[in-house]
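> Next comes the structure file start_16.txt, holding compact mmCIF, N, CA and C atoms.
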# COMPACT_ATOMS: atom_id res chain seq x y z
N MET A 1 -33.22 9.56 25.27
CA MET A 1 -32.81 8.33 24.62
C MET A 1 -31.55 7.78 25.30
N THR A 2 -30.57 8.64 25.57
CA THR A 2 -29.37 8.14 26.24
C THR A 2 -29.70 7.64 27.64
N GLU A 3 -30.74 8.23 28.25
CA GLU A 3 -31.15 7.76 29.57
C GLU A 3 -31.72 6.36 29.48
N ASP A 4 -32.51 6.09 28.42
CA ASP A 4 -33.07 4.75 28.23
C ASP A 4 -31.97 3.72 28.06
N ILE A 5 -30.98 4.06 27.26
CA ILE A 5 -29.87 3.14 27.02
C ILE A 5 -29.10 2.92 28.31
N ALA A 6 -28.85 4.00 29.05
CA ALA A 6 -28.11 3.88 30.31
C ALA A 6 -28.87 3.01 31.30
N ARG A 7 -30.20 3.15 31.36
CA ARG A 7 -31.01 2.36 32.26
C ARG A 7 -30.99 0.89 31.83
N ARG A 8 -31.12 0.64 30.52
CA ARG A 8 -31.15 -0.72 30.01
C ARG A 8 -29.80 -1.42 30.21
N GLU A 9 -28.73 -0.68 30.05
CA GLU A 9 -27.39 -1.26 30.17
C GLU A 9 -26.83 -1.13 31.59
N ARG A 10 -27.65 -0.68 32.51
CA ARG A 10 -27.29 -0.53 33.92
C ARG A 10 -26.11 0.41 34.12
N GLY A 11 -26.23 1.60 33.59
CA GLY A 11 -25.19 2.60 33.80
C GLY A 11 -24.88 3.34 32.52
N GLY A 12 -24.10 4.39 32.64
CA GLY A 12 -23.72 5.17 31.48
C GLY A 12 -22.30 4.88 31.09
N TRP A 13 -21.83 5.62 30.15
CA TRP A 13 -20.46 5.45 29.68
C TRP A 13 -19.68 6.71 29.96
N THR A 14 -18.46 6.51 30.35
CA THR A 14 -17.55 7.64 30.53
C THR A 14 -16.39 7.43 29.57
N ARG A 15 -15.60 8.45 29.38
CA ARG A 15 -14.45 8.33 28.51
C ARG A 15 -13.51 7.24 29.02
N GLN A 16 -13.36 7.15 30.31
CA GLN A 16 -12.48 6.15 30.89
C GLN A 16 -13.00 4.73 30.66
N SER A 17 -14.31 4.54 30.77
CA SER A 17 -14.85 3.20 30.56
C SER A 17 -14.73 2.80 29.09
N LEU A 18 -14.90 3.74 28.17
CA LEU A 18 -14.73 3.44 26.76
C LEU A 18 -13.27 3.14 26.44
N ALA A 19 -12.35 3.90 27.02
CA ALA A 19 -10.93 3.67 26.79
C ALA A 19 -10.48 2.35 27.40
N GLY A 20 -11.17 1.88 28.41
CA GLY A 20 -10.83 0.61 29.04
C GLY A 20 -11.26 -0.59 28.22
N ASN A 21 -12.20 -0.40 27.30
CA ASN A 21 -12.64 -1.49 26.44
C ASN A 21 -11.65 -1.65 25.30
N ALA A 22 -11.05 -2.82 25.18
CA ALA A 22 -9.97 -3.04 24.20
C ALA A 22 -10.45 -2.85 22.77
N ARG A 23 -11.62 -3.40 22.42
CA ARG A 23 -12.12 -3.29 21.04
C ARG A 23 -12.42 -1.85 20.67
N ILE A 24 -13.03 -1.12 21.58
CA ILE A 24 -13.36 0.28 21.30
C ILE A 24 -12.09 1.10 21.19
N SER A 25 -11.14 0.85 22.07
CA SER A 25 -9.88 1.59 22.05
C SER A 25 -9.10 1.33 20.75
N GLU A 26 -9.07 0.06 20.31
CA GLU A 26 -8.36 -0.27 19.06
C GLU A 26 -9.04 0.37 17.86
N ALA A 27 -10.38 0.34 17.84
CA ALA A 27 -11.11 0.94 16.73
C ALA A 27 -10.88 2.45 16.68
N TYR A 28 -10.86 3.08 17.85
CA TYR A 28 -10.62 4.52 17.91
C TYR A 28 -9.21 4.86 17.41
N ASP A 29 -8.22 4.11 17.89
CA ASP A 29 -6.83 4.37 17.46
C ASP A 29 -6.65 4.14 15.96
N LYS A 30 -7.28 3.07 15.45
CA LYS A 30 -7.17 2.78 14.01
C LYS A 30 -7.77 3.92 13.19
N ARG A 31 -8.96 4.36 13.57
CA ARG A 31 -9.63 5.44 12.82
C ARG A 31 -8.84 6.74 12.93
N LYS A 32 -8.25 6.99 14.07
CA LYS A 32 -7.46 8.21 14.26
C LYS A 32 -6.24 8.19 13.34
N ARG A 33 -5.59 7.02 13.23
CA ARG A 33 -4.44 6.89 12.32
C ARG A 33 -4.86 7.09 10.86
N GLU A 34 -6.00 6.50 10.49
CA GLU A 34 -6.50 6.64 9.12
C GLU A 34 -6.77 8.10 8.78
N LEU A 35 -7.41 8.79 9.69
CA LEU A 35 -7.72 10.20 9.44
C LEU A 35 -6.45 11.05 9.41
N GLY A 36 -5.50 10.71 10.25
CA GLY A 36 -4.26 11.49 10.30
C GLY A 36 -3.39 11.28 9.08
N SER A 37 -3.34 10.05 8.57
CA SER A 37 -2.48 9.78 7.43
C SER A 37 -3.10 10.28 6.13
N GLY A 38 -4.42 10.26 6.03
CA GLY A 38 -5.08 10.67 4.80
C GLY A 38 -5.48 12.12 4.75
N LYS A 39 -5.10 12.86 5.75
CA LYS A 39 -5.51 14.25 5.81
C LYS A 39 -4.79 15.05 4.74
N ALA A 40 -5.55 15.61 3.85
CA ALA A 40 -4.97 16.39 2.76
C ALA A 40 -4.87 17.85 3.19
N LYS A 41 -3.73 18.42 2.92
CA LYS A 41 -3.55 19.83 3.24
C LYS A 41 -4.20 20.67 2.14
N VAL A 42 -4.86 21.71 2.55
CA VAL A 42 -5.51 22.60 1.59
C VAL A 42 -4.46 23.53 1.02
N PRO A 43 -4.29 23.54 -0.31
CA PRO A 43 -3.30 24.44 -0.88
C PRO A 43 -3.70 25.89 -0.68
N ARG A 44 -2.70 26.71 -0.47
CA ARG A 44 -2.96 28.12 -0.23
C ARG A 44 -3.20 28.89 -1.52
N ASP A 45 -2.65 28.40 -2.62
CA ASP A 45 -2.77 29.09 -3.89
C ASP A 45 -4.08 28.69 -4.57
N PRO A 46 -4.97 29.65 -4.84
CA PRO A 46 -6.24 29.30 -5.47
C PRO A 46 -6.08 28.74 -6.88
N ALA A 47 -4.98 29.07 -7.54
CA ALA A 47 -4.74 28.54 -8.88
C ALA A 47 -4.59 27.02 -8.83
N ILE A 48 -3.97 26.51 -7.78
CA ILE A 48 -3.79 25.06 -7.64
C ILE A 48 -5.15 24.38 -7.48
N VAL A 49 -6.02 25.00 -6.70
CA VAL A 49 -7.35 24.44 -6.49
C VAL A 49 -8.10 24.39 -7.83
N ILE A 50 -8.02 25.45 -8.59
CA ILE A 50 -8.71 25.52 -9.88
C ILE A 50 -8.13 24.49 -10.84
N LEU A 51 -6.82 24.37 -10.88
CA LEU A 51 -6.18 23.40 -11.78
C LEU A 51 -6.55 21.97 -11.40
N LYS A 52 -6.59 21.66 -10.11
CA LYS A 52 -6.97 20.32 -9.68
C LYS A 52 -8.41 20.02 -10.07
N ARG A 53 -9.29 21.00 -9.93
CA ARG A 53 -10.68 20.81 -10.32
C ARG A 53 -10.78 20.59 -11.83
N ASP A 54 -10.00 21.35 -12.61
CA ASP A 54 -10.00 21.18 -14.06
C ASP A 54 -9.52 19.78 -14.45
N ILE A 55 -8.51 19.29 -13.76
CA ILE A 55 -7.99 17.95 -14.05
C ILE A 55 -9.07 16.91 -13.76
N GLN A 56 -9.77 17.06 -12.65
CA GLN A 56 -10.83 16.12 -12.32
C GLN A 56 -11.94 16.16 -13.37
N GLU A 57 -12.31 17.35 -13.81
CA GLU A 57 -13.35 17.49 -14.83
C GLU A 57 -12.90 16.85 -16.14
N ARG A 58 -11.64 17.02 -16.49
CA ARG A 58 -11.13 16.42 -17.73
C ARG A 58 -11.10 14.90 -17.62
N ASP A 59 -10.74 14.38 -16.45
CA ASP A 59 -10.74 12.93 -16.26
C ASP A 59 -12.14 12.36 -16.44
N VAL A 60 -13.13 13.06 -15.91
CA VAL A 60 -14.52 12.62 -16.08
C VAL A 60 -14.92 12.66 -17.55
N GLU A 61 -14.54 13.72 -18.23
CA GLU A 61 -14.86 13.87 -19.66
C GLU A 61 -14.16 12.80 -20.48
N ILE A 62 -12.91 12.49 -20.17
CA ILE A 62 -12.18 11.44 -20.89
C ILE A 62 -12.86 10.09 -20.69
N ALA A 63 -13.28 9.79 -19.48
CA ALA A 63 -13.97 8.52 -19.21
C ALA A 63 -15.28 8.46 -20.00
N ARG A 64 -16.01 9.58 -20.05
CA ARG A 64 -17.27 9.61 -20.80
C ARG A 64 -17.02 9.37 -22.28
N LEU A 65 -15.99 10.02 -22.83
CA LEU A 65 -15.68 9.86 -24.24
C LEU A 65 -15.20 8.45 -24.57
N LYS A 66 -14.46 7.82 -23.65
CA LYS A 66 -14.03 6.44 -23.87
C LYS A 66 -15.23 5.51 -23.93
N ASP A 67 -16.21 5.74 -23.04
CA ASP A 67 -17.42 4.93 -23.07
C ASP A 67 -18.18 5.14 -24.38
N LEU A 68 -18.26 6.38 -24.84
CA LEU A 68 -18.94 6.68 -26.10
C LEU A 68 -18.24 6.02 -27.28
N LEU A 69 -16.92 6.09 -27.29
CA LEU A 69 -16.15 5.46 -28.36
C LEU A 69 -16.38 3.95 -28.37
N SER A 70 -16.42 3.35 -27.21
CA SER A 70 -16.66 1.92 -27.11
C SER A 70 -18.05 1.58 -27.67
N ALA A 71 -19.04 2.41 -27.37
CA ALA A 71 -20.39 2.17 -27.89
C ALA A 71 -20.41 2.30 -29.42
N TYR A 72 -19.69 3.29 -29.97
CA TYR A 72 -19.64 3.46 -31.42
C TYR A 72 -18.92 2.29 -32.09
N GLU A 73 -17.86 1.80 -31.47
CA GLU A 73 -17.14 0.66 -32.03
C GLU A 73 -18.02 -0.58 -32.06
N GLU A 74 -18.80 -0.78 -30.99
CA GLU A 74 -19.71 -1.91 -30.94
C GLU A 74 -20.79 -1.78 -32.02
N ARG A 75 -21.31 -0.57 -32.18
CA ARG A 75 -22.33 -0.32 -33.20
C ARG A 75 -21.77 -0.56 -34.60
N PHE A 76 -20.53 -0.14 -34.83
CA PHE A 76 -19.88 -0.35 -36.13
C PHE A 76 -19.75 -1.83 -36.44
N LEU A 77 -19.37 -2.63 -35.43
CA LEU A 77 -19.23 -4.06 -35.65
C LEU A 77 -20.58 -4.71 -36.00
N VAL A 78 -21.64 -4.26 -35.35
CA VAL A 78 -22.97 -4.79 -35.66
C VAL A 78 -23.33 -4.45 -37.10
N MET A 79 -23.10 -3.20 -37.50
CA MET A 79 -23.41 -2.78 -38.88
C MET A 79 -22.55 -3.53 -39.89
N LEU A 80 -21.30 -3.74 -39.57
CA LEU A 80 -20.39 -4.46 -40.46
C LEU A 80 -20.85 -5.91 -40.64
N ARG A 81 -21.27 -6.53 -39.57
CA ARG A 81 -21.77 -7.90 -39.64
C ARG A 81 -23.04 -7.96 -40.47
N ASN A 82 -23.96 -7.03 -40.23
CA ASN A 82 -25.21 -7.01 -40.99
C ASN A 82 -24.95 -6.80 -42.48
N ALA A 83 -24.01 -5.94 -42.81
CA ALA A 83 -23.67 -5.70 -44.21
C ALA A 83 -23.08 -6.96 -44.84
N ALA A 84 -22.24 -7.67 -44.09
CA ALA A 84 -21.62 -8.88 -44.62
C ALA A 84 -22.67 -9.97 -44.84
N VAL A 85 -23.63 -10.07 -43.94
CA VAL A 85 -24.69 -11.07 -44.07
C VAL A 85 -25.54 -10.79 -45.31
N ARG A 86 -25.77 -9.53 -45.62
CA ARG A 86 -26.60 -9.15 -46.77
C ARG A 86 -25.80 -9.11 -48.07
N GLY A 87 -24.50 -9.38 -47.99
CA GLY A 87 -23.69 -9.45 -49.19
C GLY A 87 -23.26 -8.10 -49.74
N LEU A 88 -23.25 -7.08 -48.94
CA LEU A 88 -22.81 -5.76 -49.40
C LEU A 88 -21.28 -5.71 -49.41
N LYS A 89 -20.75 -5.08 -50.42
CA LYS A 89 -19.31 -4.94 -50.54
C LYS A 89 -18.87 -3.63 -49.87
N PRO A 90 -17.60 -3.54 -49.46
CA PRO A 90 -17.11 -2.31 -48.84
C PRO A 90 -17.28 -1.09 -49.75
N GLU A 91 -17.15 -1.28 -51.07
CA GLU A 91 -17.31 -0.15 -51.99
C GLU A 91 -18.74 0.38 -51.94
N GLU A 92 -19.71 -0.52 -51.79
CA GLU A 92 -21.10 -0.10 -51.70
C GLU A 92 -21.38 0.63 -50.39
N LEU A 93 -20.73 0.19 -49.35
CA LEU A 93 -20.94 0.82 -48.04
C LEU A 93 -20.33 2.22 -47.98
N GLU A 94 -19.23 2.43 -48.74
CA GLU A 94 -18.54 3.71 -48.69
C GLU A 94 -19.05 4.70 -49.73
N LYS A 95 -20.03 4.28 -50.53
CA LYS A 95 -20.59 5.15 -51.55
C LYS A 95 -21.26 6.35 -50.90
N ALA A 96 -21.14 7.52 -51.54
CA ALA A 96 -21.75 8.74 -51.00
C ALA A 96 -23.27 8.65 -51.04
N LEU A 97 -23.90 9.35 -50.14
CA LEU A 97 -25.36 9.38 -50.10
C LEU A 97 -25.87 10.17 -51.31
N PRO A 98 -27.05 9.84 -51.80
CA PRO A 98 -27.60 10.62 -52.91
C PRO A 98 -27.97 12.02 -52.42
N PRO A 99 -27.95 13.00 -53.33
CA PRO A 99 -28.29 14.37 -52.91
C PRO A 99 -29.75 14.45 -52.45
N ILE A 100 -30.00 15.36 -51.54
CA ILE A 100 -31.33 15.53 -50.98
C ILE A 100 -32.13 16.46 -51.91
N ASP A 101 -33.31 16.01 -52.30
CA ASP A 101 -34.17 16.81 -53.17
C ASP A 101 -35.19 17.53 -52.29
N ARG A 102 -34.90 18.75 -51.91
CA ARG A 102 -35.77 19.49 -51.01
C ARG A 102 -36.94 20.15 -51.74
N LYS A 103 -36.87 20.23 -53.05
CA LYS A 103 -37.93 20.90 -53.82
C LYS A 103 -39.19 20.05 -53.92
N SER A 104 -39.03 18.74 -53.84
CA SER A 104 -40.20 17.89 -54.00
C SER A 104 -40.99 17.73 -52.71
N ILE A 105 -40.50 18.26 -51.64
CA ILE A 105 -41.19 18.13 -50.35
C ILE A 105 -42.26 19.17 -50.20
Written as structure tokens, that's how I'd like the structure from this file.

Amino acid sequence: MTEDIARRERGGWTRQSLAGNARISEAYDKRKRELGSGKAKVPRDPAIVILKRDIQERDVEIARLKDLLSAYEERFLVMLRNAAVRGLKPEELEKALPPIDRKSI
């Protein structure tokens, strides 16, 4: 495949020819800086690794629970509106459920 490309482009590429191309050289230098600045050092203490993983898991769980809470709040508003439309009073809505009669089943 590289032979086909070399034949089609009338020659191959060397490190020097790539470095001589301004756009390629700039892209290479930019990516090298990005990788160098964002390189995270691996902590030597395994406890730190475990704690960081726990924090990430808790963040995911917190986000999930926030979404669930938002869904429950939306559901509550729908139920509240439906109750108001049907003329139910808050006292009626807060009334305890009748006891379950399991003997008649």
> Quick one: DSSP helix (DSSP H, G or I) residues in segment 5-104 of chain A, as a PyMOL selection string?
chain A and resi 5-8+15-20+22-37+46-85+90-93
> So how far away is atom CA of Ala83 of chain A from atom CA of Pro98 of chain A, in Å?
18.9 Å
> Do you have the atom N of Asn82 of chain A-atom CA of Glu94 of chain A distance handy?
14.7 Å
